[in-house]
Structure formats: C-alpha cells, structure tokens
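Chemist: Coordinates in upload04.txt, compact mmCIF, C-alpha atoms, are listed below.
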```
# COMPACT_ATOMS: atom_id res chain seq x y z
CA MET A 227 26.82 -13.60 -3.94
CA GLN A 228 25.27 -16.99 -4.56
CA ILE A 229 21.65 -17.22 -3.41
CA ARG A 230 20.79 -20.56 -1.96
CA GLY A 231 17.69 -22.49 -1.03
CA LEU A 232 16.40 -22.10 2.49
CA SER A 233 16.44 -25.20 4.69
CA PRO A 234 16.37 -25.78 8.46
CA SER A 235 20.04 -26.64 8.63
CA GLN A 236 21.07 -23.50 6.79
CA VAL A 237 19.11 -21.07 8.95
CA GLY A 238 19.23 -22.90 12.24
CA ALA A 239 15.63 -24.12 12.36
CA GLN A 240 15.19 -27.17 14.52
CA SER A 241 11.86 -28.69 13.52
CA ALA A 242 10.19 -30.39 10.59
CA GLU A 243 7.35 -27.91 11.09
CA SER A 244 9.55 -24.99 10.09
CA ASP A 245 10.75 -26.90 7.03
CA GLU A 246 7.15 -27.47 5.99
CA LEU A 247 5.85 -24.00 6.76
CA THR A 248 8.61 -21.78 5.38
CA GLY A 249 10.58 -21.77 2.18
CA GLY A 250 12.44 -19.58 -0.25
CA TYR A 251 15.90 -18.09 -0.50
CA VAL A 252 18.35 -15.93 1.38
CA ALA A 253 21.75 -14.72 0.29
CA ASP A 254 24.85 -15.69 2.24
CA GLY A 255 25.01 -13.55 5.37
CA PHE A 256 21.25 -12.93 5.49
CA GLU A 257 20.27 -16.05 7.42
CA PRO A 258 19.03 -13.94 10.40
CA VAL A 259 16.32 -12.55 8.11
CA ALA A 260 15.07 -16.11 7.60
CA HIS A 261 15.17 -16.68 11.37
CA ALA A 262 13.00 -13.61 11.92
CA PHE A 263 10.59 -14.57 9.16
CA GLN A 264 10.24 -18.12 10.48
CA ALA A 265 9.61 -16.81 13.98
CA SER A 266 6.54 -14.87 12.88
CA ILE A 267 5.15 -17.90 11.06
CA LEU A 268 5.85 -20.47 13.78
CA SER A 269 4.48 -18.20 16.51
CA GLY A 270 1.10 -18.22 14.83
CA GLN A 271 1.08 -14.42 14.70
CA ALA A 272 1.10 -14.60 10.90
CA LEU A 273 -1.22 -17.05 9.19
CA GLY A 274 0.85 -16.67 6.06
CA ALA A 275 3.33 -14.14 4.72
CA ALA A 276 5.87 -13.46 2.01
CA CYS A 277 8.88 -11.16 1.83
CA THR A 278 11.15 -10.17 -1.04
CA ILE A 279 14.05 -7.73 -0.69
CA ILE A 280 16.29 -6.54 -3.51
CA HIS A 281 19.46 -4.51 -3.02
CA ARG A 282 21.15 -2.84 -5.98
CA GLY A 283 19.54 -5.32 -8.34
CA GLU A 284 20.41 -8.44 -6.32
CA THR A 285 17.63 -10.43 -4.67
CA LEU A 286 18.92 -11.01 -1.15
CA VAL A 287 15.71 -12.30 0.42
CA ASP A 288 12.80 -14.19 -1.15
CA LEU A 289 10.79 -15.93 1.56
CA HIS A 290 7.28 -17.30 1.87
CA GLY A 291 5.55 -19.35 4.51
CA GLY A 292 2.54 -20.28 6.52
CA ARG A 293 -0.92 -21.08 5.33
CA LYS A 294 -2.88 -19.72 2.40
CA ASP A 295 -6.24 -19.53 4.18
CA ARG A 296 -8.05 -20.16 7.46
CA SER A 297 -8.56 -23.85 6.68
CA ARG A 298 -4.80 -24.25 7.32
CA GLU A 299 -4.66 -26.84 4.54
CA ALA A 300 -2.77 -25.15 1.68
CA LEU A 301 0.72 -23.67 2.08
CA TRP A 302 1.60 -20.16 0.89
CA ASN A 303 3.74 -20.50 -2.25
CA GLY A 304 6.28 -17.99 -3.46
CA ASP A 305 4.22 -16.68 -6.37
CA ASP A 306 0.90 -16.44 -4.51
CA ILE A 307 -0.84 -13.09 -4.34
CA ALA A 308 -3.10 -11.45 -1.76
CA LEU A 309 -5.27 -8.39 -1.36
CA VAL A 310 -2.81 -5.70 -0.24
CA TYR A 311 -5.18 -2.91 0.82
CA SER A 312 -3.40 0.47 1.07
CA LEU A 313 -0.22 -0.82 -0.55
CA THR A 314 -2.37 -0.09 -3.60
CA LYS A 315 -1.83 3.63 -3.01
CA GLY A 316 1.82 3.16 -3.87
CA LEU A 317 0.80 1.49 -7.12
CA THR A 318 -1.39 4.47 -7.90
CA GLY A 319 1.53 6.75 -7.01
CA MET A 320 3.62 4.84 -9.56
CA ALA A 321 0.93 5.25 -12.21
CA ALA A 322 0.76 8.98 -11.52
CA ALA A 323 4.55 9.23 -11.77
CA VAL A 324 4.41 7.54 -15.19
CA ALA A 325 1.60 9.87 -16.27
CA VAL A 326 3.54 12.95 -15.19
CA SER A 327 6.68 11.66 -16.89
CA ARG A 328 4.68 11.18 -20.11
CA GLY A 329 3.35 14.75 -19.90
CA LEU A 330 -0.29 13.77 -19.36
CA PHE A 331 -0.46 16.22 -16.46
CA ALA A 332 1.87 17.93 -14.00
CA TYR A 333 2.04 17.60 -10.23
CA ASP A 334 1.60 21.37 -9.84
CA GLU A 335 -1.36 21.49 -12.24
CA ARG A 336 -4.78 22.27 -10.80
CA VAL A 337 -7.14 19.31 -10.74
CA SER A 338 -9.96 21.57 -11.94
CA ASP A 339 -8.00 22.38 -15.11
CA ILE A 340 -8.14 18.67 -15.95
CA TRP A 341 -11.53 17.96 -14.42
CA PRO A 342 -13.61 21.18 -14.37
CA GLU A 343 -16.49 19.74 -12.30
CA PHE A 344 -14.04 19.15 -9.46
CA ALA A 345 -13.96 22.88 -8.68
CA ALA A 346 -17.24 22.79 -6.72
CA HIS A 347 -17.27 23.92 -3.06
CA GLY A 348 -14.00 25.82 -3.22
CA LYS A 349 -11.85 23.02 -4.61
CA GLU A 350 -10.76 24.95 -7.71
CA ALA A 351 -7.18 25.61 -6.50
CA ILE A 352 -6.33 22.06 -5.36
CA THR A 353 -3.35 20.69 -7.27
CA VAL A 354 -2.66 17.17 -8.44
CA ALA A 355 0.17 17.02 -5.91
CA GLU A 356 -2.12 18.01 -3.04
CA VAL A 357 -4.66 15.35 -3.98
CA LEU A 358 -2.00 12.63 -4.28
CA SER A 359 -0.50 13.80 -0.97
CA GLU A 360 -3.89 13.38 0.72
CA GLN A 361 -4.23 17.06 1.60
CA ALA A 362 -7.39 17.73 -0.44
CA GLY A 363 -9.87 17.15 2.38
CA LEU A 364 -11.69 14.42 0.47
CA ALA A 365 -11.10 11.54 2.85
CA ALA A 366 -14.82 10.96 3.50
CA ILE A 367 -17.52 11.35 0.89
CA ASP A 368 -21.27 11.51 1.39
CA TYR A 369 -21.97 9.04 -1.43
CA LYS A 370 -23.01 5.73 0.12
CA LEU A 371 -20.81 2.93 -1.15
CA ASN A 372 -21.47 -0.80 -1.26
CA LEU A 373 -20.02 -3.75 -3.11
CA GLU A 374 -22.60 -3.33 -5.86
CA ASN A 375 -21.77 0.29 -6.75
CA ILE A 376 -18.09 0.48 -5.76
CA GLY A 377 -17.07 -0.29 -9.34
CA ASP A 378 -19.11 2.57 -10.83
CA GLU A 379 -16.24 5.04 -11.15
CA ALA A 380 -18.25 7.54 -13.18
CA ALA A 381 -20.92 7.91 -10.49
CA ILE A 382 -18.38 7.97 -7.67
CA CYS A 383 -16.22 10.59 -9.39
CA ASP A 384 -19.30 12.73 -9.97
CA ALA A 385 -19.95 12.52 -6.22
CA ILE A 386 -16.33 13.41 -5.41
CA ALA A 387 -16.53 16.44 -7.70
CA ARG A 388 -19.63 17.64 -5.80
CA GLN A 389 -18.17 16.89 -2.37
CA LYS A 390 -17.46 19.66 0.10
CA PRO A 391 -13.96 19.19 1.58
CA ASN A 392 -13.65 17.73 5.08
CA TRP A 393 -11.11 20.47 5.94
CA THR A 394 -9.54 23.44 4.18
CA PRO A 395 -7.38 21.88 1.46
CA GLY A 396 -3.69 22.17 2.22
CA ASP A 397 -4.15 22.82 5.93
CA HIS A 398 -3.98 19.16 6.91
CA SER A 399 -3.56 15.71 5.47
CA GLY A 400 -5.74 12.71 6.19
CA ASN A 401 -6.00 9.15 4.99
CA HIS A 402 -7.94 9.21 1.69
CA ALA A 403 -8.63 5.52 2.22
CA TYR A 404 -10.56 5.01 -1.03
CA THR A 405 -10.90 8.36 -2.77
CA LEU A 406 -7.24 8.76 -3.75
CA GLY A 407 -7.60 5.88 -6.20
CA TRP A 408 -10.73 7.21 -7.88
CA ILE A 409 -9.36 10.74 -8.23
CA ALA A 410 -6.10 9.50 -9.77
CA SER A 411 -8.03 7.22 -12.12
CA GLU A 412 -10.20 10.10 -13.30
CA LEU A 413 -7.17 12.31 -13.95
CA ILE A 414 -5.50 9.58 -16.00
CA HIS A 415 -8.73 8.85 -17.88
CA ARG A 416 -9.25 12.48 -18.85
CA ARG A 417 -5.72 13.02 -20.17
CA ASP A 418 -4.70 9.60 -21.51
CA PRO A 419 -4.98 9.61 -25.33
CA GLU A 420 -6.52 6.14 -25.12
CA GLY A 421 -8.95 7.13 -22.36
CA ARG A 422 -7.73 4.37 -20.06
CA ARG A 423 -8.63 4.34 -16.40
CA LEU A 424 -6.17 3.36 -13.69
CA PRO A 425 -6.54 -0.47 -13.84
CA MET A 426 -5.72 -0.75 -17.55
CA PHE A 427 -3.13 2.04 -17.46
CA PHE A 428 -1.32 0.34 -14.58
CA ALA A 429 -1.45 -3.09 -16.23
CA GLU A 430 -0.19 -1.89 -19.60
CA GLU A 431 2.36 0.70 -18.53
CA ILE A 432 3.80 -0.69 -15.28
CA ALA A 433 3.04 -4.28 -14.25
CA GLY A 434 3.01 -5.69 -17.78
CA PRO A 435 6.38 -4.31 -18.92
CA LEU A 436 8.01 -5.53 -15.69
CA GLY A 437 6.31 -8.94 -15.78
CA ALA A 438 5.09 -8.49 -12.20
CA ASP A 439 2.18 -10.29 -10.54
CA VAL A 440 0.62 -7.05 -9.35
CA PHE A 441 -2.90 -6.05 -10.33
CA VAL A 442 -5.24 -3.13 -9.82
CA GLY A 443 -8.27 -5.11 -10.91
CA LEU A 444 -7.75 -8.87 -11.06
CA PRO A 445 -8.21 -10.33 -14.56
CA ASP A 446 -10.52 -13.28 -15.14
CA THR A 447 -7.58 -15.28 -16.47
CA PHE A 448 -5.65 -15.22 -13.19
CA ASP A 449 -5.59 -18.58 -11.37
CA ARG A 450 -7.71 -18.12 -8.23
CA ASP A 451 -5.85 -21.01 -6.54
CA ARG A 452 -2.88 -18.64 -6.28
CA ILE A 453 -4.75 -16.22 -4.00
CA ALA A 454 -3.94 -16.24 -0.28
CA ARG A 455 -7.17 -15.43 1.53
CA ILE A 456 -7.41 -12.79 4.24
CA GLU A 457 -8.06 -13.52 7.89
CA GLY A 458 -9.39 -10.20 9.14
CA PHE A 459 -10.42 -8.72 12.44
CA GLY A 460 -13.66 -7.39 13.83
CA MET A 461 -14.09 -4.02 15.47
CA GLN A 462 -14.15 -5.69 18.87
CA ASP A 463 -10.61 -6.98 18.24
CA LEU A 464 -9.35 -3.40 18.14
CA PHE A 465 -10.22 -3.21 21.83
CA ILE A 466 -9.56 -6.80 22.94
CA HIS A 467 -6.26 -7.13 21.07
CA HIS A 468 -5.21 -3.48 21.09
CA THR A 469 -1.57 -2.92 20.08
CA THR A 470 -0.19 0.26 18.49
CA MET A 471 -3.31 1.80 16.95
CA PRO A 472 -3.98 5.20 18.57
CA TRP A 473 -6.80 4.94 21.10
CA PRO A 474 -8.55 8.04 19.70
CA LEU A 475 -8.73 6.33 16.30
CA THR A 476 -9.95 3.08 17.85
CA PHE A 477 -12.88 4.89 19.42
CA LYS A 478 -13.63 7.21 16.51
CA MET A 479 -13.81 4.31 14.04
CA CYS A 480 -16.82 3.08 16.00
CA LEU A 481 -18.56 6.44 16.47
CA PRO A 482 -20.94 7.44 13.64
CA GLY A 483 -20.43 11.01 12.51
CA THR A 484 -16.70 11.17 13.15
CA LEU A 485 -14.40 11.67 10.19
CA ALA A 486 -12.69 8.34 10.89
CA PHE A 487 -16.02 6.49 10.88
CA ARG A 488 -17.21 8.19 7.70
CA THR A 489 -13.90 7.51 5.93
CA LEU A 490 -13.13 3.95 7.02
CA ASN A 491 -16.64 2.49 7.23
CA ASN A 492 -17.95 3.52 3.82
CA PRO A 493 -18.45 0.83 2.56
CA LEU A 494 -18.73 -2.13 4.98
CA VAL A 495 -19.92 -0.37 8.12
CA LEU A 496 -18.22 -2.02 11.11
CA GLU A 497 -17.52 -5.26 9.22
CA GLY A 498 -13.76 -4.80 9.21
CA PRO A 499 -11.35 -4.79 6.24
CA GLY A 500 -11.36 -8.57 5.88
CA ALA A 501 -14.84 -8.31 4.35
CA LEU A 502 -13.31 -6.77 1.21
CA ASP A 503 -11.50 -10.02 0.37
CA ARG A 504 -13.99 -11.31 -2.16
CA GLU A 505 -14.24 -11.75 -5.90
CA ALA A 506 -16.48 -8.72 -6.41
CA PHE A 507 -13.83 -6.42 -4.93
CA TRP A 508 -10.81 -8.11 -6.52
CA ARG A 509 -12.21 -7.38 -9.99
CA VAL A 510 -13.05 -3.70 -9.41
CA GLY A 511 -9.55 -2.25 -9.48
CA GLN A 512 -10.08 0.16 -6.60
CA GLY A 513 -6.96 2.30 -6.75
CA ALA A 514 -6.43 2.93 -3.04
CA ALA A 515 -7.34 -0.38 -1.40
CA GLY A 516 -8.05 -3.02 -4.06
CA GLY A 517 -4.63 -4.09 -5.32
CA MET A 518 -3.71 -7.77 -5.56
CA ALA A 519 -0.01 -8.59 -5.47
CA SER A 520 2.77 -10.99 -4.63
CA ALA A 521 5.73 -9.85 -2.57
CA ARG A 522 7.97 -10.68 -5.52
CA GLY A 523 5.88 -8.50 -7.80
CA LEU A 524 5.82 -5.55 -5.43
CA ALA A 525 9.58 -5.74 -4.91
CA ALA A 526 10.12 -5.84 -8.69
CA LEU A 527 8.06 -2.68 -9.17
CA TYR A 528 9.79 -0.81 -6.37
CA ASN A 529 13.16 -2.00 -7.63
CA ALA A 530 12.44 -0.23 -10.92
CA PHE A 531 12.14 2.99 -8.91
CA ALA A 532 15.12 2.14 -6.68
CA GLU A 533 17.17 1.92 -9.86
CA GLY A 534 16.02 5.36 -11.03
CA GLY A 535 12.81 4.62 -12.91
CA GLU A 536 14.30 4.40 -16.41
CA LYS A 537 12.64 1.04 -17.13
CA LEU A 538 9.25 2.76 -16.82
CA GLY A 539 10.23 6.00 -18.50
CA ILE A 540 10.26 7.97 -15.24
CA THR A 541 12.07 11.25 -15.84
CA PRO A 542 14.92 12.41 -13.58
CA GLU A 543 12.75 15.39 -12.58
CA VAL A 544 9.91 13.14 -11.40
CA MET A 545 12.32 10.88 -9.52
CA ALA A 546 13.83 13.91 -7.80
CA THR A 547 10.33 15.06 -6.83
CA LEU A 548 9.45 11.68 -5.30
CA ILE A 549 12.73 11.52 -3.42
CA LYS A 550 12.41 15.06 -2.05
CA GLY A 551 8.77 14.67 -1.02
CA HIS A 552 5.80 17.01 -1.03
CA PRO A 553 5.78 20.01 1.36
CA PHE A 554 4.13 19.33 4.70
CA PRO A 555 0.55 20.53 5.23
CA ARG A 556 0.34 24.09 6.55
CA LYS A 557 -0.83 22.99 10.00
CA GLY A 558 1.42 19.99 10.50
CA LEU A 559 1.51 16.26 9.88
CA LYS A 560 -1.31 15.09 12.11
CA ASP A 561 -3.56 12.85 10.03
CA GLN A 562 -7.12 14.08 10.47
CA VAL A 563 -8.48 10.54 10.04
CA LEU A 564 -5.88 8.33 11.73
CA THR A 565 -5.22 10.87 14.55
CA ALA A 566 -1.45 10.28 14.37
CA ASN A 567 1.30 11.99 12.39
CA MET A 568 1.88 10.69 8.87
CA TYR A 569 3.82 12.07 5.91
CA TYR A 570 1.91 11.52 2.66
CA SER A 571 3.62 12.42 -0.59
CA TYR A 572 2.57 11.97 -4.25
CA GLY A 573 0.69 8.73 -3.60
CA PHE A 574 3.25 7.32 -1.16
CA GLU A 575 4.30 7.68 2.47
CA LYS A 576 7.73 9.10 3.24
CA PRO A 577 9.95 8.52 6.29
CA PHE A 578 9.83 11.25 8.91
CA SER A 579 11.01 11.72 12.49
CA GLU A 580 8.38 9.40 13.99
CA TRP A 581 8.67 6.63 11.41
CA GLU A 582 12.10 6.07 9.90
CA TYR A 583 11.24 2.85 8.08
CA ALA A 584 14.33 3.01 5.83
CA ARG A 585 17.96 4.07 6.24
CA THR A 586 17.56 7.26 4.19
CA ARG A 587 14.76 9.75 3.66
CA SER A 588 14.93 9.28 -0.08
CA ALA A 589 12.59 6.32 0.50
CA PHE A 590 8.93 6.22 -0.50
CA GLY A 591 6.35 3.47 -0.29
CA SER A 592 3.16 2.54 1.51
CA PHE A 593 1.93 0.56 4.49
CA ALA A 594 -1.45 -1.12 4.78
CA VAL A 595 -4.02 -2.02 7.37
CA GLY A 596 -2.99 -5.31 8.89
CA GLY A 597 0.76 -4.76 8.74
CA SER A 598 2.00 -5.07 5.15
CA LEU A 599 4.72 -2.71 3.90
CA ALA A 600 6.38 -2.07 0.53
CA PHE A 601 8.86 0.66 -0.41
CA CYS A 602 12.01 1.62 -2.24
CA ASP A 603 15.00 3.61 -1.07
CA PRO A 604 16.74 4.97 -4.18
CA GLU A 605 19.74 6.33 -2.29
CA ASP A 606 20.31 2.99 -0.56
CA GLY A 607 19.31 0.89 -3.59
CA VAL A 608 16.72 -1.12 -1.62
CA ALA A 609 13.34 -2.47 -2.77
CA TYR A 610 11.34 -4.14 0.00
CA ALA A 611 7.99 -5.93 0.22
CA TRP A 612 6.43 -7.85 3.14
CA ILE A 613 2.81 -8.93 2.89
CA THR A 614 0.56 -11.06 5.07
CA ASN A 615 -2.94 -12.53 4.97
CA LYS A 616 -3.56 -12.26 8.72
CA LEU A 617 -4.40 -8.67 9.54
CA GLY A 618 -2.84 -7.22 12.67
CA THR A 619 -4.51 -4.48 14.71
CA GLY A 620 -1.69 -1.93 14.84
CA LYS A 621 -0.72 0.99 12.63
CA TRP A 622 2.74 0.92 11.03
CA ASP A 623 5.74 -1.08 12.28
CA ASP A 624 3.77 -4.29 12.71
CA PRO A 625 6.10 -6.38 14.93
CA ARG A 626 5.91 -9.38 12.58
CA GLU A 627 7.14 -7.26 9.70
CA LYS A 628 9.51 -5.01 11.61
CA MET A 629 11.64 -7.83 13.00
CA VAL A 630 12.25 -9.03 9.44
CA ARG A 631 13.12 -5.52 8.25
CA ASP A 632 15.39 -4.88 11.25
CA ALA A 633 17.19 -8.18 10.65
CA PHE A 634 17.71 -7.27 7.01
CA TYR A 635 19.23 -3.88 7.76
CA THR A 636 21.51 -5.37 10.40
CA CYS A 637 22.76 -7.93 7.89
CA LEU A 638 23.16 -5.25 5.22
CA GLU A 639 25.26 -3.12 7.57
CA ASN A 640 27.42 -6.12 8.45
CA ARG A 641 27.90 -6.85 4.78
CA SER A 642 29.15 -3.37 3.96
```
Spit out the file's structure as structure tokens when you get a sec.

Modeler:
Amino acid sequence: MQIRGLSPSQVGAQSAESDELTGGYVADGFEPVAHAFQASILSGQALGAACTIIHRGETLVDLHGGRKDRSREALWNGDDIALVYSLTKGLTGMAAAVAVSRGLFAYDERVSDIWPEFAAHGKEAITVAEVLSEQAGLAAIDYKLNLENIGDEAAICDAIARQKPNWTPGDHSGNHAYTLGWIASELIHRRDPEGRRLPMFFAEEIAGPLGADVFVGLPDTFDRDRIARIEGFGMQDLFIHHTTMPWPLTFKMCLPGTLAFRTLNNPLVLEGPGALDREAFWRVGQGAAGGMASARGLAALYNAFAEGGEKLGITPEVMATLIKGHPFPRKGLKDQVLTANMYYSYGFEKPFSEWEYARTRSAFGSFAVGGSLAFCDPEDGVAYAWITNKLGTGKWDDPREKMVRDAFYTCLENRS
C-alpha cells in the first residue's frame, strides 16, 4: 500500500501547531496511529518522540515529533537519535544471538568455562542463558561506579567475577540494570577471534550490515546535532507524579542498603537516569543502558529478527530459542529489584500473562526507564520501536506509548 506524507488534513489534525510539531508517514488505514502519536506530543506529556513500525517488511508507521531538547527550540527530526537506556539490553541480546549463531559460545554453556574467574562465590554453574535472562543474582555489585570509571570494563568485570550473588542463581530474576552489558561484553571478548568487545562487535556485525543508526558506544564522527536530549526526573517526582511504578520499588530506590538502591543508584546516587545523558556516557558503550538509537534504526534491527534473522546469520535453532523463551526462575517471575513480575529471556523481555505487549508470545524486545519500547513479533511479522526524550515515571505500558501501540494493532486487525 502506498505510504504517504503525514499532514493535518490527512490525519484530522486541526491546528498549525500539530503540523509544525509532528511529521512523518503512515500507510493508508493507519491514520489513527498518527492521531494517537500527535495527542501525546500536543498534550505536552512527551517533549519529543519517534515511532517506526514495520509489518512483514512494509513500513506502515514512521512518525516523529515534538522538541529535541528542553529549550523547545529545535524540532525532533526523523533520523535523530536519543539515549535509549534499557532498550540497550535488547541490542546486547541481539549481539549474543549472533555470537551463539557463529559458535562463539552456547546458551547452555557455563560462564565459568569461558571466564574461569567468574566461578568465585559459588557462581561456577551459572550458564550464559541464566546470565542473559537476569537470573544470575548479579544485579548489584559492590564496586563503586562513577562516570570516570564506568568505561573501565576490565576493572568492572574483575569486580563482577569476585562478586557474591545477590540471591541463589536460578531461584529468581532481577533487573541487571548495568551488569548484563558488561558480562555479555566479556563473554564476546573472550571468544571472539578478533578479541572485540560488545561495542565494536555490535557495530560491525549488526548495526553496520543493516545500515541502522543504532550505537552501543557513540562514535566521534556522529553529528551531535542529531541527538535528542533527555528531560529526566528527580527522585521526588516518583512520589509527586507517581503513576504505575510499584510503591515498594519507589520507596526502596531511596533506601540505602536495599537491593533496588544498590542496583539502580550505582552510579549516580539519587540523581535520576537523566544524569546519564552526557557525552562521557554516550561514548562508553555500556551494554545495558548506554545505547543511542533512532526509532527507525531500532525497527530495522528488530525487523531483521521478525523476518527470521537470516540477514544477520541467526540460525533457525537460535531463533526458535528466542521465540520459545528461557525457563522461568525456580521461584517465580517476581523481579527481586523492581518488585513486580517480569519475564527476562536471553537479553530480552518476553510477553507473559501480566504484560501482553504483542499479539503473540513469540515476541521479544525490551522496555526502558521513561517509557520507550522496542520489540519484534516473528509470528506476527511486526517490528516496533517507540522512543522518547521525556522520561515518564511508570514501569511498562507508558500511556503515551501504549495508545500508539493500541491504535496500531486496531488498524492492523481492521486491515486483515
């Protein structure tokens, strides 16, 4: 179906403001998606945002709008990128899937067989799959992080190897907010014939071949004028503007000694995630929270997986593993950090009874602090990415994002 330019007359917008603040494309029959996207921008709930949705290889939605930063002067353009926080975990999951497909290591292989020092404090039996599925009990580490040492992967990985688990590995899962990226990078580094760490491996084996503006470690050559800057929140906003974040997590994030505090406030104690949006962090290539991406780029990567992974050399066996998902932790899905149920699987999050973000459970992707979401659904042929630079204070199903996703699926059902 012909994709056409978005204008107020085509989508029913009634003001010059909407024409100025939103732009992009929707396919015939998907105008309600543009309505929903415009609503989040014009309401002021989203400073800026972008959304790209591909279905069976056809780009049905490619929208961008709002402002690029808090000055409200520059508009968000379609190829702009932003810090995407935990959407980075999905990128790391992709890199691991490529590594497994290439035979660098196996999901069921023990981490200590690849990285012998990792065996300390009873961690010798933890598998690659358990680490990537955030069941290893390494959510919080005792090593004190700051923006000066957060790029020293060798020192941090030494600390992770020495770390005593936060819980018995395999019993529970919990948000490995930063550590997942470093562990995956070390595994790739130790088995890659070229000795690459995650940032270079991802650039050369995934983003580069697909021509996607997605980075784990922003290169010096990238035009900084194409970066949408983050408007974050302070810890007080979690109380003043409380939405869907579990109250136990809200309190524990502010209580020193709790697992949530130790995980989410190392580094940047009580400064909030917006403080990470700076050059020093963009460059590091932190593989769980430091990705920089456009919505178009994220959708292109997930579309490669929605189409079966052949473009990246993903084997049918690895695709089947990602679609099926990792077994649940022995003691259930309650996230020991976030205090709510979550289904982590091989670097991604999967749909489950409490969060059916896609039409089928073949889907896998990741959500991020502040509301962003990116995923693919291989059975349904969908690749989806919605990102924003104004961080919300909920968990998943940010209302600004969800109304766009709901509108898309309604239109897709009507099209069938």

Chemist: Of the candidates A:Pro342, A:Gly255, A:Gly291, A:Gly591, which shows the shortest atom-to-atom distance to Ala272 in chain A, using only C-alpha atoms?

Modeler: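 The closest residue to Ala272 in chain A is A:Gly291.
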
Chemist: Find the residues near Lys294 in chain A: any atom within 10 Å, counting only C-alpha atoms, skip ones fewer than 5 places away on the same chain, and give them as a list in words.

Modeler: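 What passes the distance filter is Leu273, Gly274, Ala275, Glu299, Ala300, Leu301, Trp302, Asn303, Asp306, Ile307, Ala308, Asp451, Arg452, Ile453, Ala454, Arg455, Ile456, Glu457, Thr614, Asn615 and Lys616 of chain A.
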
Chemist: Separation of CA of Gly292 in chain A and CA of Gly458 in chain A, in Å?

Modeler: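 Taking CA of Gly292 in chain A and CA of Gly458 in chain A, their separation equals 15.8 Å.
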
Chemist: Output as JSON the centre and edge lengths (Å, one decimal) of the box along x, y and z of the file that holds every listed atom of range 636-640 of chain A after adding 3 Å on each side.

Modeler:
```
{"center_x": 24.5, "center_y": -5.5, "center_z": 7.8, "size_x": 11.9, "size_y": 10.8, "size_z": 11.2}
```

Chemist: Quick one: of A:Met518, A:Ala380, A:Ala410, A:Leu424, who's nearest to Arg450 in chain A, counting only C-alpha atoms?

Modeler: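 Counting only C-alpha atoms, the residue closest to Arg450 in chain A is A:Met518.
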
Chemist: Report the distance between CA of Glu533 in chain A and CA of Thr314 in chain A in Å, rounded to one decimal place.

Modeler: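 Going from CA of Glu533 in chain A over to CA of Thr314 in chain A covers 20.6 Å.
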
Chemist: Using all atoms listed in the file, collect all residues at a distance of at most 8 Å from (-6.4, 4.7, 5.3) as written in the file, then present them as a PyMOL selection string.

Modeler: chain A and resi 312+401-404+490+563-564+594-595

Chemist: Within 9 Å of range 387-391 of chain A, counting only C-alpha atoms, which residues show up once you throw out same-chain ones fewer than 5 positions away? Write them as a PyMOL selection string, please.

Modeler: chain A and resi 341-349+362-369+382
